[in-house]
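Q: If it helps, the file is called input35.cif and holds mmCIF, C-alpha atoms:
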data_protein
loop_
_atom_site.label_atom_id
_atom_site.label_comp_id
_atom_site.auth_asym_id
_atom_site.auth_seq_id
_atom_site.Cartn_x
_atom_site.Cartn_y
_atom_site.Cartn_z
CA MET A 13 -13.75 53.26 -25.36
CA PRO A 14 -17.52 54.03 -25.54
CA ARG A 15 -18.53 56.85 -23.21
CA PHE A 16 -21.15 54.81 -21.37
CA LEU A 17 -18.54 52.16 -20.59
CA ASN A 18 -16.11 54.79 -19.32
CA ARG A 19 -18.79 56.18 -16.96
CA TRP A 20 -19.63 52.65 -15.77
CA ILE A 21 -15.97 51.90 -14.94
CA VAL A 22 -15.53 55.15 -13.04
CA SER A 23 -18.73 54.67 -11.04
CA ASN A 24 -17.85 51.03 -10.19
CA LEU A 25 -14.10 51.49 -9.69
CA PRO A 26 -14.08 50.55 -5.94
CA TRP A 27 -15.86 47.28 -6.66
CA LEU A 28 -13.59 46.49 -9.60
CA CYS A 29 -10.51 47.04 -7.44
CA LEU A 30 -11.93 44.74 -4.77
CA ALA A 31 -12.71 42.05 -7.34
CA ILE A 32 -9.18 42.25 -8.78
CA PHE A 33 -7.70 42.03 -5.27
CA LEU A 34 -9.82 39.01 -4.34
CA GLY A 35 -9.06 37.38 -7.66
CA GLY A 36 -5.36 37.79 -6.97
CA LEU A 37 -5.79 36.15 -3.58
CA SER A 38 -7.64 33.26 -5.21
CA LEU A 39 -4.87 32.74 -7.76
CA SER A 40 -2.28 32.88 -4.99
CA ALA A 41 -4.20 30.29 -2.99
CA ASN A 42 -4.46 28.02 -6.01
CA ARG A 43 -0.73 28.29 -6.64
CA SER A 44 -0.07 27.48 -3.00
CA HIS A 45 -2.31 24.39 -3.16
CA ALA A 46 -0.57 23.15 -6.28
CA GLU A 47 3.02 24.03 -5.55
CA ASP A 48 3.72 24.42 -1.84
CA PRO A 49 3.94 21.11 0.02
CA GLU A 50 3.35 21.10 3.73
CA THR A 51 6.67 21.08 5.57
CA ILE A 52 7.19 17.74 7.27
CA PRO A 53 9.72 17.62 10.12
CA ASP A 54 11.77 14.44 10.34
CA ALA A 55 10.78 11.99 13.04
CA PRO A 56 13.60 10.75 15.31
CA GLY A 57 15.87 8.24 13.58
CA ARG A 58 14.50 8.81 10.11
CA TRP A 59 17.01 8.38 7.31
CA THR A 60 18.12 11.56 5.62
CA PRO A 61 17.17 12.00 1.95
CA GLU A 62 20.84 11.40 1.12
CA GLN A 63 20.85 8.08 2.99
CA ALA A 64 17.58 7.01 1.37
CA ASN A 65 18.74 7.89 -2.14
CA ALA A 66 22.12 6.22 -1.63
CA TRP A 67 20.30 3.03 -0.62
CA TYR A 68 17.98 3.26 -3.62
CA GLU A 69 20.80 3.73 -6.11
CA LYS A 70 22.04 0.27 -5.15
CA GLN A 71 18.68 -1.36 -5.90
CA PRO A 72 17.39 -2.57 -9.24
CA TRP A 73 14.06 -1.19 -10.37
CA LEU A 74 11.78 -2.95 -7.88
CA VAL A 75 8.77 -4.46 -9.62
CA GLY A 76 6.33 -7.08 -8.45
CA CYS A 77 3.01 -7.76 -6.81
CA ASN A 78 1.18 -8.00 -3.53
CA TYR A 79 1.36 -11.72 -2.94
CA MET A 80 -1.08 -14.07 -1.22
CA PRO A 81 -1.08 -17.78 -2.15
CA SER A 82 -4.15 -18.87 -4.09
CA THR A 83 -4.86 -21.37 -1.30
CA ALA A 84 -5.01 -18.76 1.50
CA ILE A 85 -7.88 -16.40 2.26
CA ASN A 86 -5.79 -14.14 4.49
CA GLN A 87 -2.50 -13.62 6.31
CA LEU A 88 -3.36 -16.12 9.04
CA GLU A 89 -4.15 -18.92 6.61
CA MET A 90 -0.96 -18.20 4.70
CA PHE A 91 1.32 -18.56 7.72
CA GLN A 92 -0.37 -20.85 10.28
CA ALA A 93 1.33 -24.22 10.49
CA ASP A 94 -1.73 -26.26 9.45
CA THR A 95 -2.31 -24.31 6.23
CA PHE A 96 1.16 -23.06 5.26
CA ASP A 97 1.77 -24.47 1.78
CA ALA A 98 5.40 -24.16 0.68
CA GLN A 99 4.77 -26.12 -2.50
CA VAL A 100 2.09 -23.71 -3.72
CA ILE A 101 4.16 -20.68 -2.71
CA ASP A 102 7.17 -22.02 -4.60
CA ARG A 103 5.15 -22.70 -7.73
CA GLU A 104 3.47 -19.30 -7.69
CA LEU A 105 6.68 -17.41 -7.02
CA GLY A 106 8.03 -19.23 -10.07
CA LEU A 107 5.19 -17.69 -12.06
CA ALA A 108 6.10 -14.29 -10.64
CA GLN A 109 9.70 -14.84 -11.75
CA SER A 110 8.46 -15.69 -15.25
CA LEU A 111 6.94 -12.20 -15.49
CA GLY A 112 10.21 -10.56 -14.48
CA PHE A 113 9.05 -9.69 -10.97
CA ASN A 114 11.95 -9.21 -8.57
CA SER A 115 10.01 -8.33 -5.42
CA VAL A 116 6.75 -9.19 -3.66
CA ARG A 117 4.86 -7.48 -0.85
CA VAL A 118 3.73 -9.94 1.83
CA PHE A 119 1.44 -9.25 4.80
CA LEU A 120 2.20 -10.57 8.28
CA HIS A 121 0.00 -10.56 11.42
CA ASP A 122 0.67 -9.92 15.10
CA LEU A 123 -1.47 -12.92 16.16
CA LEU A 124 0.92 -15.25 14.35
CA TRP A 125 3.70 -14.05 16.66
CA GLN A 126 1.46 -14.50 19.69
CA GLN A 127 0.48 -18.02 18.61
CA ASP A 128 3.89 -19.49 17.80
CA ARG A 129 6.73 -17.04 17.36
CA GLU A 130 9.41 -19.61 16.57
CA GLY A 131 7.25 -21.43 14.04
CA PHE A 132 6.10 -18.15 12.52
CA LEU A 133 9.67 -16.90 12.04
CA LYS A 134 10.61 -20.26 10.55
CA ARG A 135 7.82 -19.99 8.00
CA CYS A 136 8.83 -16.41 7.19
CA GLU A 137 12.32 -17.78 6.59
CA GLN A 138 10.87 -20.39 4.24
CA VAL A 139 9.07 -17.74 2.22
CA LEU A 140 12.29 -15.72 1.96
CA THR A 141 14.25 -18.79 0.89
CA LEU A 142 11.72 -19.76 -1.77
CA ALA A 143 11.61 -16.18 -3.05
CA ASP A 144 15.39 -15.82 -3.06
CA ARG A 145 15.74 -18.91 -5.25
CA ARG A 146 13.60 -17.08 -7.78
CA GLY A 147 15.60 -13.86 -7.57
CA ILE A 148 12.76 -12.22 -5.62
CA ARG A 149 13.09 -10.05 -2.52
CA VAL A 150 10.30 -9.45 -0.02
CA MET A 151 8.68 -6.36 1.46
CA PHE A 152 7.03 -7.43 4.70
CA VAL A 153 3.95 -5.53 5.93
CA LEU A 154 3.62 -5.55 9.72
CA PHE A 155 0.12 -4.11 10.27
CA ASP A 156 -2.99 -3.50 8.18
CA SER A 157 -6.23 -1.61 8.88
CA CYS A 158 -8.33 -3.07 6.04
CA TRP A 159 -11.29 -5.47 6.09
CA HIS A 160 -12.42 -7.60 9.04
CA PRO A 161 -11.57 -5.89 12.35
CA LEU A 162 -11.92 -8.98 14.58
CA PRO A 163 -9.21 -11.47 13.54
CA LYS A 164 -9.16 -14.91 15.09
CA LEU A 165 -6.53 -17.62 15.06
CA GLY A 166 -7.32 -21.15 13.97
CA LYS A 167 -9.38 -22.36 11.05
CA GLN A 168 -10.32 -19.46 8.79
CA PRO A 169 -13.74 -19.06 7.15
CA ALA A 170 -14.46 -20.18 3.61
CA PRO A 171 -14.73 -17.36 1.06
CA LEU A 172 -18.09 -15.67 0.67
CA PRO A 173 -19.24 -16.39 -2.89
CA PHE A 174 -18.19 -13.82 -5.49
CA THR A 175 -16.94 -11.35 -2.85
CA HIS A 176 -13.73 -9.34 -2.87
CA ASN A 177 -11.35 -10.13 0.03
CA SER A 178 -14.14 -11.67 2.10
CA GLY A 179 -11.76 -13.19 4.66
CA TRP A 180 -8.97 -10.62 4.95
CA VAL A 181 -8.34 -9.51 8.54
CA GLN A 182 -6.92 -6.43 10.21
CA SER A 183 -3.77 -6.38 12.31
CA PRO A 184 -3.99 -5.44 15.08
CA GLY A 185 -7.65 -6.21 15.63
CA VAL A 186 -9.77 -3.28 16.70
CA GLU A 187 -10.10 -4.49 20.31
CA VAL A 188 -6.31 -4.42 20.68
CA LEU A 189 -6.07 -1.12 18.82
CA LYS A 190 -8.42 0.53 21.32
CA ASN A 191 -6.57 -0.86 24.36
CA PRO A 192 -3.10 0.64 25.02
CA GLU A 193 -2.57 -1.92 27.78
CA ALA A 194 -2.35 -4.56 25.02
CA TRP A 195 0.25 -2.66 23.01
CA PRO A 196 3.32 -4.20 24.72
CA HIS A 197 2.46 -7.40 22.83
CA LEU A 198 2.55 -5.39 19.61
CA LYS A 199 5.94 -3.95 20.49
CA ASP A 200 7.27 -7.43 21.19
CA TYR A 201 6.04 -8.54 17.77
CA VAL A 202 7.50 -5.58 15.87
CA VAL A 203 10.88 -5.63 17.57
CA GLY A 204 11.06 -9.42 17.41
CA VAL A 205 10.31 -9.72 13.69
CA VAL A 206 12.31 -6.71 12.52
CA SER A 207 15.36 -7.58 14.61
CA HIS A 208 15.31 -11.16 13.33
CA PHE A 209 15.57 -9.97 9.72
CA ALA A 210 17.29 -6.62 10.31
CA ASN A 211 20.34 -7.55 8.26
CA ASP A 212 18.76 -10.01 5.87
CA ARG A 213 19.32 -8.87 2.29
CA ARG A 214 16.27 -10.91 1.21
CA VAL A 215 14.05 -8.35 2.95
CA VAL A 216 14.07 -5.21 0.85
CA VAL A 217 11.78 -2.81 2.78
CA TRP A 218 9.65 -2.81 5.93
CA ASP A 219 6.10 -1.55 5.33
CA ILE A 220 5.07 -0.56 8.82
CA TRP A 221 1.31 -0.23 8.40
CA ASN A 222 -0.93 -0.63 5.37
CA GLU A 223 -3.57 2.12 4.97
CA PRO A 224 -3.54 2.86 8.71
CA ASP A 225 -6.65 5.05 8.88
CA ASN A 226 -8.78 2.91 6.57
CA PHE A 227 -11.90 1.03 7.71
CA ASP A 228 -13.56 -2.33 7.14
CA GLY A 229 -14.61 -2.47 3.49
CA GLY A 230 -17.21 -5.08 4.41
CA ALA A 231 -18.91 -2.97 7.06
CA ALA A 232 -22.16 -2.95 5.07
CA LYS A 233 -22.62 -6.62 6.04
CA ARG A 234 -21.07 -6.39 9.52
CA PRO A 235 -21.80 -2.88 10.84
CA GLY A 236 -20.79 -1.51 14.21
CA LEU A 237 -17.56 -3.44 14.68
CA GLU A 238 -15.29 -0.41 14.44
CA PRO A 239 -15.48 2.90 16.32
CA GLN A 240 -15.92 6.03 14.25
CA ASN A 241 -12.83 7.47 15.92
CA LYS A 242 -10.65 4.57 14.83
CA PRO A 243 -8.14 6.95 13.14
CA GLU A 244 -7.53 8.62 16.50
CA HIS A 245 -6.40 5.30 17.98
CA VAL A 246 -4.24 4.64 14.91
CA ASN A 247 -2.61 8.05 15.09
CA ARG A 248 -1.56 7.40 18.68
CA LEU A 249 -0.09 4.00 17.87
CA LEU A 250 1.48 4.55 14.44
CA PRO A 251 4.43 6.74 15.57
CA GLN A 252 5.21 4.19 18.27
CA VAL A 253 5.28 1.35 15.75
CA PHE A 254 7.82 3.26 13.66
CA ALA A 255 9.88 3.87 16.80
CA TRP A 256 9.75 0.19 17.79
CA ALA A 257 10.92 -0.86 14.34
CA ARG A 258 13.84 1.58 14.57
CA GLU A 259 14.81 0.06 17.93
CA ALA A 260 15.66 -3.10 15.97
CA ASN A 261 18.16 -1.08 13.90
CA PRO A 262 17.19 -2.52 10.50
CA SER A 263 19.47 -2.10 7.51
CA GLN A 264 16.35 -1.77 5.35
CA PRO A 265 14.25 1.41 5.08
CA LEU A 266 10.89 1.88 6.77
CA THR A 267 7.77 3.17 5.07
CA SER A 268 3.98 3.42 5.29
CA GLY A 269 2.11 4.26 2.11
CA VAL A 270 -0.18 7.25 1.76
CA TRP A 271 -3.34 6.06 0.09
CA ARG A 272 -6.34 8.39 0.34
CA ASP A 273 -5.90 11.39 -1.99
CA SER A 274 -2.29 10.25 -2.31
CA GLU A 275 -1.34 12.95 -4.82
CA ASN A 276 -2.16 15.70 -2.31
CA ILE A 277 0.83 17.03 -0.36
CA VAL A 278 -0.78 20.12 1.17
CA ARG A 279 -3.28 20.36 4.02
CA LEU A 280 -2.30 16.89 5.18
CA ASP A 281 -4.45 14.96 7.62
CA ASP A 282 -2.84 13.73 10.82
CA CYS A 283 -2.28 10.17 9.64
CA LYS A 284 -0.65 11.17 6.36
CA ARG A 285 1.56 13.64 8.22
CA ILE A 286 2.75 10.87 10.57
CA GLN A 287 3.40 8.52 7.63
CA LEU A 288 5.44 11.06 5.68
CA ALA A 289 7.38 12.27 8.71
CA ASN A 290 8.51 8.74 9.60
CA SER A 291 9.03 7.09 6.21
CA ASP A 292 12.61 6.72 4.98
CA VAL A 293 11.29 6.12 1.47
CA ILE A 294 7.95 7.49 0.27
CA SER A 295 5.37 4.86 -0.66
CA PHE A 296 1.90 5.41 -2.00
CA HIS A 297 -1.17 3.71 -3.46
CA THR A 298 -2.92 4.77 -6.64
CA TYR A 299 -5.92 3.17 -8.27
CA GLY A 300 -6.65 5.95 -10.75
CA ASP A 301 -5.93 6.86 -14.35
CA VAL A 302 -2.69 8.07 -15.91
CA PRO A 303 -3.09 11.76 -14.94
CA SER A 304 -3.66 10.84 -11.30
CA LEU A 305 -0.58 8.58 -11.32
CA GLU A 306 1.51 11.34 -12.87
CA ARG A 307 0.33 13.81 -10.23
CA CYS A 308 1.40 11.34 -7.53
CA LEU A 309 4.83 10.96 -9.09
CA LYS A 310 5.31 14.70 -9.54
CA ASN A 311 4.00 15.85 -6.18
CA LEU A 312 5.51 13.16 -3.96
CA ALA A 313 8.91 13.64 -5.65
CA THR A 314 8.95 17.04 -3.95
CA TYR A 315 10.18 15.32 -0.80
CA GLY A 316 13.40 14.28 -2.53
CA ARG A 317 13.19 10.63 -1.51
CA PRO A 318 12.78 7.37 -3.45
CA LEU A 319 9.21 6.60 -4.50
CA LEU A 320 7.57 3.19 -4.18
CA CYS A 321 4.06 2.53 -5.47
CA THR A 322 3.05 -0.37 -3.25
CA GLU A 323 -0.46 -0.75 -4.69
CA PHE A 324 -1.93 -0.05 -8.13
CA MET A 325 -3.96 -1.80 -10.87
CA ALA A 326 -7.74 -1.88 -10.81
CA ARG A 327 -8.78 -2.37 -14.42
CA PRO A 328 -12.28 -0.83 -14.32
CA ASN A 329 -10.81 2.25 -12.63
CA SER A 330 -8.38 2.84 -15.54
CA SER A 331 -5.46 1.78 -13.36
CA VAL A 332 -3.83 -0.75 -15.69
CA PHE A 333 -0.45 -2.22 -16.54
CA GLU A 334 -0.19 -0.49 -19.89
CA PRO A 335 0.94 2.28 -19.60
CA HIS A 336 1.13 2.62 -15.78
CA LEU A 337 3.96 0.11 -15.35
CA GLY A 338 6.08 1.72 -18.05
CA ILE A 339 5.48 5.20 -16.63
CA MET A 340 6.66 4.12 -13.19
CA LYS A 341 9.71 2.44 -14.66
CA SER A 342 10.62 5.66 -16.48
CA HIS A 343 10.53 7.46 -13.12
CA LYS A 344 12.35 4.57 -11.35
CA CYS A 345 9.37 4.35 -9.06
CA ALA A 346 9.01 0.86 -7.59
CA ALA A 347 5.76 -0.78 -8.73
CA TYR A 348 3.71 -3.45 -6.94
CA CYS A 349 0.33 -4.32 -8.43
CA TRP A 350 -2.45 -5.51 -6.17
CA GLY A 351 -2.99 -9.22 -6.49
CA PHE A 352 -1.36 -11.86 -8.57
CA ILE A 353 -3.09 -15.28 -8.57
CA ASN A 354 -6.87 -15.67 -8.70
CA GLY A 355 -7.53 -17.59 -5.50
CA LYS A 356 -9.39 -17.58 -2.20
CA SER A 357 -8.94 -13.83 -1.77
CA GLN A 358 -11.25 -13.41 -4.81
CA THR A 359 -9.92 -10.01 -5.73
CA ILE A 360 -10.95 -10.51 -9.34
CA TYR A 361 -14.26 -9.19 -8.00
CA PRO A 362 -14.56 -5.43 -7.42
CA TRP A 363 -14.83 -3.63 -4.11
CA ASP A 364 -18.56 -3.13 -4.65
CA SER A 365 -19.14 -6.89 -4.48
CA TRP A 366 -19.92 -6.30 -0.79
CA THR A 367 -23.00 -4.30 -1.76
CA LYS A 368 -23.76 -5.57 -5.28
CA SER A 369 -24.56 -9.18 -6.15
CA TYR A 370 -22.37 -11.13 -8.57
CA SER A 371 -23.16 -14.63 -9.84
CA GLY A 372 -19.84 -15.37 -11.52
CA PRO A 373 -16.50 -13.90 -12.55
CA PRO A 374 -16.80 -10.38 -13.97
CA PRO A 375 -15.90 -9.99 -17.66
CA VAL A 376 -13.07 -7.71 -16.60
CA TRP A 377 -11.12 -8.83 -13.56
CA PHE A 378 -10.73 -6.11 -10.96
CA HIS A 379 -7.28 -7.28 -9.77
CA ASP A 380 -4.98 -10.28 -10.31
CA ILE A 381 -3.09 -11.47 -13.38
CA LEU A 382 -3.09 -15.28 -13.56
CA GLU A 383 -5.18 -18.33 -12.83
CA PRO A 384 -3.56 -20.83 -10.41
CA ASP A 385 -2.36 -22.91 -13.38
CA GLY A 386 -0.56 -19.88 -14.82
CA LYS A 387 -3.11 -19.04 -17.51
CA PRO A 388 -3.29 -15.23 -17.82
CA PHE A 389 -6.48 -13.22 -17.70
CA ARG A 390 -5.07 -11.32 -20.70
CA GLN A 391 -2.14 -12.61 -22.69
CA THR A 392 -1.45 -9.14 -24.14
CA GLU A 393 -1.13 -7.83 -20.58
CA VAL A 394 1.41 -10.49 -19.63
CA ASP A 395 3.34 -9.80 -22.84
CA TYR A 396 3.50 -6.11 -21.95
CA ILE A 397 4.68 -6.82 -18.40
CA ARG A 398 7.47 -9.00 -19.73
CA ARG A 399 8.57 -6.33 -22.21
CA VAL A 400 8.76 -3.72 -19.46
CA THR A 401 10.58 -6.00 -17.01
CA GLY A 402 12.95 -7.24 -19.72
CA VAL A 403 11.95 -10.91 -19.67
CA LYS A 404 12.25 -12.59 -23.08
#
Using structure tokens, write down the structure that the file contains.

A:
Amino acid sequence: MPRFLNRWIVSNLPWLCLAIFLGGLSLSANRSHAEDPETIPDAPGRWTPEQANAWYEKQPWLVGCNYMPSTAINQLEMFQADTFDAQVIDRELGLAQSLGFNSVRVFLHDLLWQQDREGFLKRCEQVLTLADRRGIRVMFVLFDSCWHPLPKLGKQPAPLPFTHNSGWVQSPGVEVLKNPEAWPHLKDYVVGVVSHFANDRRVVVWDIWNEPDNFDGGAAKRPGLEPQNKPEHVNRLLPQVFAWAREANPSQPLTSGVWRDSENIVRLDDCKRIQLANSDVISFHTYGDVPSLERCLKNLATYGRPLLCTEFMARPNSSVFEPHLGIMKSHKCAAYCWGFINGKSQTIYPWDSWTKSYSGPPPVWFHDILEPDGKPFRQTEVDYIRRVTGVK
């Protein structure tokens, strides 16, 4: 060692020791962030990992889509008596069957129960019957925090031109969410719907609340409708919704999918902690590339429970069928793409269509697979889906 370097080391030895010590702490912290999941205590009534895995072993690989008829702009238009279209639903579920899909995720709404509970349950039964004829089981979603926060019954608005999900509505609406005195109606809805289908094999999973702490994606054009502390209201209600669903003693598992930074299992925010503590099976959303999907699969598997990806596939974001669908199948992770038929929801347009003007269909669809007549956006994509699902 050169003499000048030896003298420099000796004279700076205290600082070198401190740097090595701090470097060691930094490495330790990084290992903790990557490897040590936050401990999540089980909420009352939650299935054990053994119960959840025993249930999952009896299921086929669940694969399908988030389904909204092409003729409906939102949950209300899908299920209200005047606009419920069994013929369209039957035809489109037939197209889902042709791709090898064996499950669909379908959104409900508390106002439908308030409007006409008997008619609403009857129409839910019709959807289940039509799906069952196609070998398809249904995951019902009870609540949703995305898009318009002020839902209204009755005739729904026409789609805004070239705009993603321009008519989708939240459930419960923000005025109900902020008012605990209105929550007994929500309990009546949850217990009523879940108990009605608690032992129905056609219902595969209950998704309690979609993206609970999300906000209105169209707020740029309708600002000020939601409070900034909306997640605080959600975090008070979400554990109660899980508890209400358990009161109905369903034979199916309960879940609510983590969605923001879904691969992260340390330093959880309050909402994610509630979701993970109450979910019998772990569900998640991913709209990223292959590495981000693989991190989700690896990190969330730490909890030792079945994994269900209840939303993926945004082509411009590198979330695509090939290879994402095959990767999830290899992990026996259930896979539900967002969207299916290009219709009134207009989810072929990207999220930024609320702030950026479009004058026609984008060259690359954001979501969805088929036109209403069954013509695929990409034939090679449909061919790949069929190979993975085993349809010939």

Q: Which residues would end up in the selection if the PyMOL selection byres ((chain A and resi 213-220) around 7) were applied here, given that I need the answer as a PyMOL selection string?

A: chain A and resi 140+144+149-155+211-212+221-222+254+264-268

Q: At a cut-off of 10 Å around the point (7.2, -16.7, 12.4) (file coordinates), what residues fall inside when counting all atoms listed in the file? I'd like the answer as a ChimeraX atom specification.

A: /A:91-93,120-122,124-138,201,204-205,208

Q: What residues come out when you apply the PyMOL selection byres ((chain A and resi 157) around 7) to this file, written as a PyMOL selection string?

A: chain A and resi 155-156+158-159+182-183+222-227

Q: For the atom pair CA of Trp67 (chain A) and CA of Tyr315 (chain A), what is the interatomic distance in Å to one decimal place?

A: 15.9 Å

Q: Between CA of Gly300 (chain A) and CA of Ala313 (chain A), what is the spacing in Å?

A: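 Result for CA of Ala313 (chain A) versus CA of Gly300 (chain A): 18.1 Å, one decimal.
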
Q: Given the file shown, enumerate the residues that the PyMOL selection byres ((chain A and resi 73) around 8) captures and present them as a ChimeraX atom specification.

A: /A:71-72,74-75,341,344-346

Q: Pick out the residues sitting within 8 Å of Asn78 (chain A), and hand them over as a PyMOL selection string; count all atoms listed in the file, and ignore anything fewer than 6 positions along from it in its own chain.

A: chain A and resi 116-118+322-323+348-352

Q: In terms of the shortest atom-to-atom distance over all atoms listed in the file, which of A:Thr392, A:Gly166, A:Thr51, A:Glu62 is closest to Thr95 (chain A)?

A: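 Of A:Thr392, A:Gly166, A:Thr51, A:Glu62, the one nearest Thr95 (chain A) is A:Gly166, counting all atoms listed in the file.
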
Q: Find the distance between CA of Gln87 (chain A) and CA of Pro184 (chain A) and write it in Å to one decimal.

A: 12.1 Å

Q: Just checking: using only C-alpha atoms, which residue out of A:Leu250, A:Leu88, A:Ala143, A:Leu105 ends up closest to Gly386 (chain A)?

A: A:Leu105

Q: Find the spatial neighbours of region 96-103 of chain A, counting all atoms listed in the file, within a cut-off of 8 Å - ignore same-chain residues fewer than 6 positions away - and output them as a PyMOL selection string.

A: chain A and resi 81-83+89-90+135+138-139+142-143

Q: So, with only C-alpha atoms as the atoms that count, which of A:Glu104, A:Glu50, A:Asp228, A:Asp94 lies closest to Met80 (chain A)?

A: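 Of A:Glu104, A:Glu50, A:Asp228, A:Asp94, the one nearest Met80 (chain A) is A:Glu104, counting only C-alpha atoms.
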
Q: Report, as AutoDock Vina command-line options, the centre and edge lengths in Å (one decimal) of the axis-aligned box enclosing every listed atom of region 224-233 of chain A, padded by 3 Å on each side.

A:
--center_x -13.1 --center_y -0.8 --center_z 6.2 --size_x 25.1 --size_y 17.7 --size_z 11.4

Q: At a cut-off of 12 Å, using all atoms listed in the file, what residues contact Ala326 (chain A)? Leave out same-chain residues fewer than 6 positions from it and give the result as an MDAnalysis selection string.

A: chainID A and resid 297:301 332:334 336 349:351 359:363 376:381

Q: What's the 10 Å shell around region 303-306 of chain A, counting all atoms listed in the file, without same-chain residues fewer than 4 positions away, as a ChimeraX atom specification?

A: /A:273-275,297-299,310-312,321,324,331,336,339-340,343

Q: Closest to Gly57 (chain A) among A:Ala260, A:Leu309, A:Ile353, A:Val203, using all atoms listed in the file?

A: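 With all atoms listed in the file as the atom set, the closest residue is A:Ala260.
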